[in-house]
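Coordinates from model-v3.csv are shown below (CSV, C-alpha atoms).
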chain,number,residue,atom,x,y,z
A,25,MET,CA,78.7,-154.8,-32.9
A,26,THR,CA,81.4,-155.4,-35.5
A,27,ASN,CA,80.1,-158.2,-37.7
A,28,LYS,CA,76.4,-158.3,-38.1
A,29,SER,CA,76.6,-161.2,-40.6
A,30,VAL,CA,77.5,-163.7,-37.9
A,31,SER,CA,74.7,-162.7,-35.5
A,32,ALA,CA,71.8,-165.1,-35.0
A,33,ILE,CA,68.2,-163.7,-34.9
A,34,TYR,CA,66.2,-164.8,-31.9
A,35,PRO,CA,62.5,-164.3,-32.5
A,36,SER,CA,61.8,-164.9,-28.8
A,37,LEU,CA,63.6,-161.7,-27.9
A,38,GLU,CA,61.4,-159.4,-30.1
A,39,ASP,CA,59.5,-157.0,-27.9
A,40,ARG,CA,60.9,-158.5,-24.7
A,41,LEU,CA,61.7,-156.0,-21.9
A,42,VAL,CA,65.4,-156.1,-21.1
A,43,VAL,CA,67.3,-154.3,-18.3
A,44,VAL,CA,71.1,-153.8,-18.6
A,45,THR,CA,73.2,-152.2,-15.9
A,46,GLY,CA,76.3,-150.3,-16.9
A,47,GLY,CA,75.0,-150.1,-20.5
A,48,ALA,CA,76.5,-146.9,-21.7
A,49,SER,CA,80.0,-148.1,-22.6
A,50,GLY,CA,82.2,-151.2,-23.0
A,51,ILE,CA,80.6,-154.7,-23.0
A,52,GLY,CA,77.4,-153.1,-21.7
A,53,ALA,CA,76.9,-150.9,-24.7
A,54,SER,CA,77.5,-153.9,-27.0
A,55,VAL,CA,74.8,-155.8,-25.0
A,56,VAL,CA,72.4,-152.9,-25.3
A,57,GLU,CA,73.0,-152.7,-29.0
A,58,ALA,CA,72.7,-156.5,-29.5
A,59,PHE,CA,69.3,-156.6,-27.8
A,60,ALA,CA,68.1,-153.4,-29.6
A,61,MET,CA,69.0,-155.1,-33.0
A,62,GLN,CA,66.8,-158.0,-31.9
A,63,LYS,CA,63.9,-155.6,-31.6
A,64,ALA,CA,63.8,-155.9,-27.8
A,65,GLN,CA,62.9,-152.9,-25.6
A,66,VAL,CA,66.0,-152.2,-23.7
A,67,VAL,CA,66.3,-150.1,-20.5
A,68,PHE,CA,69.8,-149.4,-19.3
A,69,LEU,CA,71.2,-147.8,-16.2
A,70,ASP,CA,74.5,-145.9,-15.9
A,71,VAL,CA,76.0,-142.6,-14.8
A,72,GLN,CA,77.6,-141.7,-18.1
A,73,ASP,CA,75.0,-139.4,-19.5
A,74,GLY,CA,77.0,-138.3,-22.6
A,75,ALA,CA,77.9,-141.9,-23.6
A,76,ALA,CA,74.3,-143.0,-23.0
A,77,GLU,CA,72.9,-140.3,-25.3
A,78,GLU,CA,75.4,-141.0,-28.0
A,79,LEU,CA,74.5,-144.7,-27.8
A,80,LYS,CA,70.8,-143.9,-28.1
A,81,GLU,CA,71.4,-141.6,-31.1
A,82,ARG,CA,73.5,-144.1,-32.9
A,83,LEU,CA,71.0,-146.9,-32.4
A,84,GLY,CA,68.2,-144.7,-33.6
A,85,ALA,CA,70.2,-143.8,-36.7
A,86,MET,CA,70.7,-147.6,-37.4
A,87,GLY,CA,66.9,-148.2,-37.3
A,88,ALA,CA,67.0,-150.1,-34.1
A,89,LYS,CA,64.5,-149.7,-31.3
A,90,VAL,CA,65.9,-146.8,-29.2
A,91,PRO,CA,66.7,-147.9,-25.6
A,92,VAL,CA,65.5,-146.0,-22.6
A,93,TYR,CA,68.2,-144.6,-20.3
A,94,TYR,CA,68.0,-144.1,-16.5
A,95,ARG,CA,70.8,-142.3,-14.7
A,96,CYS,CA,71.6,-144.3,-11.6
A,97,ASP,CA,74.7,-144.8,-9.4
A,98,LEU,CA,74.4,-148.5,-8.7
A,99,THR,CA,76.5,-148.3,-5.6
A,100,ASP,CA,73.8,-146.3,-4.0
A,101,ILE,CA,71.2,-149.0,-3.2
A,102,GLU,CA,68.4,-146.6,-2.4
A,103,TRP,CA,69.0,-144.8,-5.7
A,104,LEU,CA,69.0,-148.2,-7.4
A,105,GLN,CA,65.7,-149.2,-5.8
A,106,ARG,CA,64.1,-145.9,-6.8
A,107,ALA,CA,65.3,-146.3,-10.4
A,108,VAL,CA,64.0,-149.8,-10.6
A,109,ALA,CA,60.6,-148.7,-9.2
A,110,SER,CA,60.5,-146.1,-12.0
A,111,VAL,CA,61.4,-148.7,-14.6
A,112,ILE,CA,58.7,-151.1,-13.4
A,113,GLU,CA,56.1,-148.3,-13.3
A,114,ARG,CA,56.7,-147.8,-17.0
A,115,PHE,CA,57.4,-151.4,-17.9
A,116,PRO,CA,55.6,-153.6,-15.4
A,117,ALA,CA,56.8,-157.0,-16.8
A,118,ILE,CA,60.5,-157.4,-17.3
A,119,HIS,CA,61.8,-160.5,-19.1
A,120,VAL,CA,65.6,-160.2,-19.0
A,121,LEU,CA,68.1,-158.7,-16.5
A,122,VAL,CA,71.8,-158.4,-17.4
A,123,ASN,CA,73.8,-157.5,-14.4
A,124,ASN,CA,76.8,-156.1,-16.3
A,125,ALA,CA,78.2,-153.1,-14.4
A,126,GLY,CA,81.7,-153.5,-12.8
A,127,ASN,CA,85.1,-151.9,-12.4
A,128,ASP,CA,88.3,-153.9,-12.7
A,129,ALA,CA,90.6,-151.2,-11.5
A,130,ARG,CA,94.1,-152.6,-10.8
A,131,HIS,CA,95.2,-152.7,-7.1
A,132,SER,CA,97.6,-154.5,-4.9
A,133,VAL,CA,96.9,-156.3,-1.6
A,134,ASP,CA,98.9,-153.8,0.3
A,135,GLU,CA,96.9,-150.8,-0.8
A,136,VAL,CA,93.5,-152.3,0.0
A,137,THR,CA,91.8,-150.4,2.9
A,138,SER,CA,88.5,-151.2,4.5
A,139,THR,CA,87.0,-148.3,2.5
A,140,TYR,CA,88.4,-149.5,-0.8
A,141,TRP,CA,87.1,-153.0,-0.1
A,142,ASP,CA,83.6,-151.7,0.5
A,143,GLN,CA,83.7,-149.6,-2.6
A,144,ALA,CA,84.9,-152.4,-4.8
A,145,MET,CA,82.3,-154.8,-3.5
A,146,ALA,CA,79.6,-152.2,-4.0
A,147,MET,CA,80.7,-151.8,-7.6
A,148,ASN,CA,81.3,-155.4,-8.5
A,149,LEU,CA,78.9,-157.5,-6.4
A,150,LYS,CA,76.4,-155.8,-4.1
A,151,HIS,CA,74.3,-154.1,-6.8
A,152,GLN,CA,73.9,-157.4,-8.7
A,153,PHE,CA,72.2,-158.9,-5.7
A,154,PHE,CA,69.9,-155.9,-5.1
A,155,MET,CA,69.1,-155.5,-8.8
A,156,THR,CA,68.0,-159.1,-8.9
A,157,GLN,CA,66.0,-158.7,-5.7
A,158,ALA,CA,64.2,-155.6,-6.9
A,159,LEU,CA,63.3,-157.1,-10.3
A,160,ILE,CA,62.2,-160.6,-9.2
A,161,PRO,CA,58.5,-159.6,-8.8
A,162,SER,CA,58.5,-158.0,-12.3
A,163,ILE,CA,60.1,-161.1,-13.9
A,164,ARG,CA,57.6,-163.3,-12.2
A,165,ARG,CA,54.7,-161.2,-13.6
A,166,ALA,CA,56.2,-161.8,-17.1
A,167,GLY,CA,55.8,-165.5,-16.5
A,168,GLY,CA,59.5,-166.1,-16.1
A,169,GLY,CA,62.7,-164.9,-17.8
A,170,SER,CA,66.4,-164.9,-17.7
A,171,ILE,CA,69.0,-163.2,-15.5
A,172,ILE,CA,72.6,-163.1,-16.7
A,173,ASN,CA,75.3,-162.0,-14.2
A,174,MET,CA,78.6,-160.7,-15.4
A,175,GLY,CA,81.5,-162.6,-13.8
A,176,SER,CA,85.1,-162.9,-14.9
A,177,ILE,CA,87.9,-165.4,-15.2
A,178,SER,CA,90.0,-163.3,-12.9
A,179,TRP,CA,89.4,-165.5,-9.9
A,180,ALA,CA,90.0,-168.7,-11.9
A,181,ILE,CA,93.3,-167.7,-13.4
A,182,PRO,CA,93.8,-166.3,-10.7
A,183,SER,CA,94.7,-162.7,-11.5
A,184,THR,CA,97.0,-161.2,-8.8
A,185,ASP,CA,96.6,-157.5,-9.7
A,186,VAL,CA,92.9,-157.3,-8.9
A,187,PRO,CA,92.4,-159.3,-5.6
A,188,VAL,CA,89.2,-157.6,-4.4
A,189,TYR,CA,87.7,-157.6,-7.9
A,190,ALA,CA,88.5,-161.3,-8.3
A,191,THR,CA,87.0,-162.0,-4.9
A,192,ALA,CA,83.8,-160.3,-5.9
A,193,LYS,CA,83.6,-162.1,-9.2
A,194,ALA,CA,84.1,-165.5,-7.5
A,195,ALA,CA,81.2,-164.6,-5.3
A,196,ILE,CA,79.0,-163.9,-8.3
A,197,VAL,CA,79.3,-167.6,-9.3
A,198,GLY,CA,77.9,-168.7,-6.0
A,199,MET,CA,75.2,-166.0,-6.1
A,200,THR,CA,74.2,-167.2,-9.5
A,201,ARG,CA,73.8,-170.8,-8.5
A,202,THR,CA,71.9,-169.8,-5.4
A,203,PHE,CA,69.4,-167.6,-7.2
A,204,ALA,CA,69.0,-170.3,-10.0
A,205,HIS,CA,67.6,-172.7,-7.4
A,206,ILE,CA,65.6,-170.1,-5.6
A,207,LEU,CA,63.9,-168.8,-8.8
A,208,GLY,CA,63.7,-172.0,-10.9
A,209,ARG,CA,60.2,-172.7,-9.7
A,210,ASP,CA,59.1,-169.4,-11.2
A,211,ASN,CA,60.6,-170.3,-14.6
A,212,ILE,CA,63.4,-167.8,-14.1
A,213,ARG,CA,66.8,-168.9,-15.3
A,214,VAL,CA,70.0,-167.5,-13.8
A,215,ASN,CA,73.4,-167.9,-15.4
A,216,CYS,CA,76.8,-166.3,-15.3
A,217,VAL,CA,79.1,-165.1,-18.1
A,218,MET,CA,82.8,-165.1,-17.3
A,219,PRO,CA,84.8,-163.0,-19.8
A,220,GLY,CA,88.6,-163.0,-20.1
A,221,SER,CA,90.5,-160.1,-21.5
A,222,ILE,CA,88.0,-158.2,-23.7
A,223,SER,CA,89.2,-155.5,-26.0
A,224,THR,CA,86.9,-152.6,-24.9
A,225,GLU,CA,87.9,-149.0,-25.4
A,226,ARG,CA,88.5,-148.6,-21.7
A,227,GLN,CA,90.8,-151.6,-21.6
A,228,LYS,CA,92.7,-150.4,-24.6
A,229,ARG,CA,93.1,-146.9,-23.0
A,230,LEU,CA,94.1,-148.0,-19.6
A,231,TRP,CA,95.8,-151.4,-19.6
A,232,LEU,CA,96.0,-153.1,-23.0
A,233,THR,CA,99.6,-152.2,-23.7
A,234,GLU,CA,101.6,-154.1,-26.3
A,235,GLU,CA,103.3,-156.0,-23.5
A,236,TYR,CA,100.0,-157.0,-21.8
A,237,LYS,CA,98.5,-157.9,-25.2
A,238,ALA,CA,101.4,-160.2,-25.8
A,239,GLU,CA,100.8,-161.8,-22.4
A,240,VAL,CA,97.1,-162.3,-23.1
A,241,LEU,CA,97.7,-163.9,-26.5
A,242,SER,CA,100.4,-166.2,-25.1
A,243,ARG,CA,97.9,-167.6,-22.7
A,244,GLN,CA,94.9,-167.8,-25.0
A,245,ALA,CA,94.3,-170.7,-27.4
A,246,LEU,CA,92.9,-168.2,-29.9
A,247,LYS,CA,95.6,-165.8,-30.9
A,248,ARG,CA,93.4,-162.8,-31.3
A,249,LEU,CA,91.7,-160.3,-29.0
A,250,ILE,CA,88.1,-161.1,-27.9
A,251,LEU,CA,85.6,-158.3,-28.8
A,252,PRO,CA,82.7,-156.9,-26.7
A,253,ASP,CA,80.1,-158.0,-29.3
A,254,GLU,CA,81.3,-161.6,-28.9
A,255,VAL,CA,80.3,-161.4,-25.3
A,256,ALA,CA,77.0,-159.8,-26.2
A,257,ARG,CA,76.2,-162.7,-28.6
A,258,LEU,CA,76.6,-165.2,-25.7
A,259,ILE,CA,74.3,-163.1,-23.5
A,260,LEU,CA,71.7,-163.0,-26.3
A,261,PHE,CA,71.6,-166.8,-26.4
A,262,LEU,CA,71.3,-167.1,-22.6
A,263,ALA,CA,68.4,-164.5,-22.7
A,264,SER,CA,66.6,-166.2,-25.5
A,265,GLU,CA,64.2,-169.2,-25.4
A,266,ASP,CA,66.9,-171.1,-27.4
A,267,SER,CA,68.5,-171.7,-24.0
A,268,SER,CA,65.2,-172.5,-22.2
A,269,ALA,CA,66.7,-175.5,-20.3
A,270,ILE,CA,69.9,-173.8,-19.2
A,271,THR,CA,70.3,-172.4,-15.7
A,272,ASN,CA,72.7,-172.5,-12.8
A,273,GLN,CA,75.7,-172.4,-15.1
A,274,SER,CA,78.8,-170.2,-15.7
A,275,TYR,CA,80.0,-169.7,-19.2
A,276,VAL,CA,83.6,-168.8,-20.0
A,277,ILE,CA,84.4,-166.6,-23.0
A,278,ASP,CA,88.1,-166.0,-23.0
A,279,GLY,CA,89.6,-167.4,-26.2
A,280,GLY,CA,90.7,-170.5,-24.3
A,281,TRP,CA,92.7,-168.8,-21.6
A,282,ILE,CA,91.6,-171.2,-18.8
If you convert what's in this file into C-alpha cells, what do you get?
Amino acid sequence: MTNKSVSAIYPSLEDRLVVVTGGASGIGASVVEAFAMQKAQVVFLDVQDGAAEELKERLGAMGAKVPVYYRCDLTDIEWLQRAVASVIERFPAIHVLVNNAGNDARHSVDEVTSTYWDQAMAMNLKHQFFMTQALIPSIRRAGGGSIINMGSISWAIPSTDVPVYATAKAAIVGMTRTFAHILGRDNIRVNCVMPGSISTERQKRLWLTEEYKAEVLSRQALKRLILPDEVARLILFLASEDSSAITNQSYVIDGGWI
C-alpha cells in the first residue's frame, strides 16, 4: 500500500480468517497486505511461488501478521477443492473470501476459439463459483461473514478488446446477486467490486502505454491513475462489520469512468 496515513483501522477484522485468490501480485497482493496490516490471518492462493514468498517476507519485515500461502491452479477445480480442504483443516472457520484472481488478456472476437473461451471462463468466472461453494460451510461455522467477488467495468463500458473477459465479468454480477440471496439467511454477505483501469505492475508492463494512459484519463472524471491499494481499501470496508447491512451490491472504483 502506498499511503498508510489514509487507511482506516477496522477492529472487526483483527484475527479474522481471510482467504484471497490470486494474492501474490497486482490487486491481490495489495489486498493481502491490507488485511495483514489489519492484523487479520490471511491465506492466499496462487501459482506464483517467487512472488508469494517475496510478499510474505516483505510483510514479515513490516511487522504485519505473515500470511499463509497455498500453491493452487484455480482453473483446476479438483486442485482448488483439495487446497480449500487443506485450508479448512488448518483454519476451520473462515470469515472472509475475496475472489480476486483473473486474467484480462487482450483478444479479438475473431481469434476466440472454443478452447480459448473455456480457458478464459475458467480463469475469470468458474473458480469464483467453486471457491464460494467450497468455503460456504466454513463461513457458516464462523457465524457468517463476507464474500467479495472481483468484477470489472469492462462489460459496462463496454470494452471491445476483451469480449470473453467482459462476458465473464458481467456474469460475476449476476452470480454475486444470486449468492447474496442464497446465503443471506446465514448472515453471509456477498458483494462485487468493479475496478476500472488499475495501475498494477502487470498493467504497466503490458498495456499501460502513454497512448492508453491518455485514453483512460480522458474518460475518467479523476485525472490520475487508480492504484491497487485503493481497491484494497474498498474491499476492507466490505469485509468489515462497518458494512454489516450491505449485500447484493456491485461497487465501481474507476475514477469516474462510467
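Using only C-alpha atoms for every distance, the candidate list A:Val43, A:Ala88, A:Ala269, A:Ala194 yields A:Val43 as the residue closest to Asn123 (chain A).
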Could you check the closest approach to Phe203 (chain A) for each of A:Ala180, A:Val90, A:Ile33, A:Ile160 and tell me which residue wins, using all atoms listed in the file? A:Ile160
Env of Arg243 (chain A): 12 Å cut, atoms = all atoms listed in the file, seq-sep filter 6 positions within chain, self excluded. Answer as JSON, numbers by chain. {"A": [181, 220, 221, 236, 237, 249, 278, 279, 280, 281, 282]}
For C-alpha atoms, I'd like the residues from the last selection saved as a PDB file, keeping the file's coordinate frame.
ATOM      1  CA  ILE A 181      93.300-167.700 -13.400  1.00  0.00           C
ATOM      2  CA  GLY A 220      88.600-163.000 -20.100  1.00  0.00           C
ATOM      3  CA  SER A 221      90.500-160.100 -21.500  1.00  0.00           C
ATOM      4  CA  TYR A 236     100.000-157.000 -21.800  1.00  0.00           C
ATOM      5  CA  LYS A 237      98.500-157.900 -25.200  1.00  0.00           C
ATOM      6  CA  LEU A 249      91.700-160.300 -29.000  1.00  0.00           C
ATOM      7  CA  ASP A 278      88.100-166.000 -23.000  1.00  0.00           C
ATOM      8  CA  GLY A 279      89.600-167.400 -26.200  1.00  0.00           C
ATOM      9  CA  GLY A 280      90.700-170.500 -24.300  1.00  0.00           C
ATOM     10  CA  TRP A 281      92.700-168.800 -21.600  1.00  0.00           C
ATOM     11  CA  ILE A 282      91.600-171.200 -18.800  1.00  0.00           C
TER      12      ILE A 282
END
Which value, in Å to one decimal, gives the distance between CA of Ala256 (chain A) and CA of Ile172 (chain A)? 11.0 Å
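Around the point (71.0, -148.2, -6.9), within 10 Å and counting only C-alpha atoms, we find these residues: Leu69, Asp70, Arg95, Cys96, Asp97, Leu98, Thr99, Asp100, Ile101, Glu102, Trp103, Leu104, Gln105, Arg106, Ala107, Val108, Ala146, Lys150, His151, Gln152, Phe154 and Met155 of chain A.
Nearest-residue note for Asp134 (chain A): choosing from A:Thr184, A:Ser110, A:Ser54, A:Ser264, the minimum distance belongs to A:Thr184, counting all atoms listed in the file.
Nearest residue to Lys193 (chain A), choosing from A:Ile177, A:Met61, A:Leu159, A:Val276 and counting all atoms listed in the file: A:Ile177.
From CA of Asp39 (chain A) back to CA of Glu113 (chain A), the distance works out to 17.3 Å.
When CA of Ala166 (chain A) is paired with CA of Ala117 (chain A), their separation reads 4.8 Å.
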At a cut-off of 12 Å, using only C-alpha atoms, what residues contact Asp142 (chain A)? Leave out same-chain residues fewer than 4 positions from it and give the result as a PDB file with C-alpha atoms, in the frame of the given file.
ATOM      1  CA  THR A  99      76.500-148.300  -5.600  1.00  0.00           C
ATOM      2  CA  VAL A 136      93.500-152.300   0.000  1.00  0.00           C
ATOM      3  CA  THR A 137      91.800-150.400   2.900  1.00  0.00           C
ATOM      4  CA  SER A 138      88.500-151.200   4.500  1.00  0.00           C
ATOM      5  CA  ALA A 146      79.600-152.200  -4.000  1.00  0.00           C
ATOM      6  CA  MET A 147      80.700-151.800  -7.600  1.00  0.00           C
ATOM      7  CA  ASN A 148      81.300-155.400  -8.500  1.00  0.00           C
ATOM      8  CA  LEU A 149      78.900-157.500  -6.400  1.00  0.00           C
ATOM      9  CA  LYS A 150      76.400-155.800  -4.100  1.00  0.00           C
ATOM     10  CA  VAL A 188      89.200-157.600  -4.400  1.00  0.00           C
ATOM     11  CA  TYR A 189      87.700-157.600  -7.900  1.00  0.00           C
ATOM     12  CA  ALA A 192      83.800-160.300  -5.900  1.00  0.00           C
TER      13      ALA A 192
END
Would you kindly return, as a list of chain:residue names, each protein, DNA or RNA residue with an atom no farther than 10 Å from any atom of Ile277 (chain A), considering all atoms listed in the file and excluding same-chain residues fewer than 6 positions away? A:Ser176, A:Ile177, A:Val217, A:Met218, A:Pro219, A:Gly220, A:Ser221, A:Ile222, A:Ile250, A:Glu254, A:Val255, A:Leu258
At a cut-off of 12 Å, using only C-alpha atoms, what residues contact Val67 (chain A)? Leave out same-chain residues fewer than 5 positions from it and give the result as number ranges by chain. A: 40-48, 52-53, 55-57, 59-60, 76, 80, 89-96, 107-108, 110-112, 114-115, 118-122
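Using only C-alpha atoms, the smallest distance between any of A:Asn272, A:Thr233, A:Ser31, A:Ser242 and Leu207 (chain A) comes from A:Asn272.
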Counting all atoms listed in the file, the option among A:Ala195, A:Ser268, A:Ile259, A:Asp253 closest to Asn211 (chain A): A:Ser268
Compile the contact shell of Glu265 (chain A) as a short mmCIF file (atom, residue, chain, number, x, y, z; two decimals) with C-alpha atoms, in the coordinates of the input: residues with an atom at most 10 Å away, counting all atoms listed in the file, same-chain residues fewer than 6 positions apart removed.
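Result went into out_3.cif, see below:
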data_model
loop_
_atom_site.label_atom_id
_atom_site.label_comp_id
_atom_site.auth_asym_id
_atom_site.auth_seq_id
_atom_site.Cartn_x
_atom_site.Cartn_y
_atom_site.Cartn_z
CA TYR A 34 66.20 -164.80 -31.90
CA PRO A 35 62.50 -164.30 -32.50
CA SER A 36 61.80 -164.90 -28.80
CA LEU A 37 63.60 -161.70 -27.90
CA GLY A 169 62.70 -164.90 -17.80
CA SER A 170 66.40 -164.90 -17.70
#
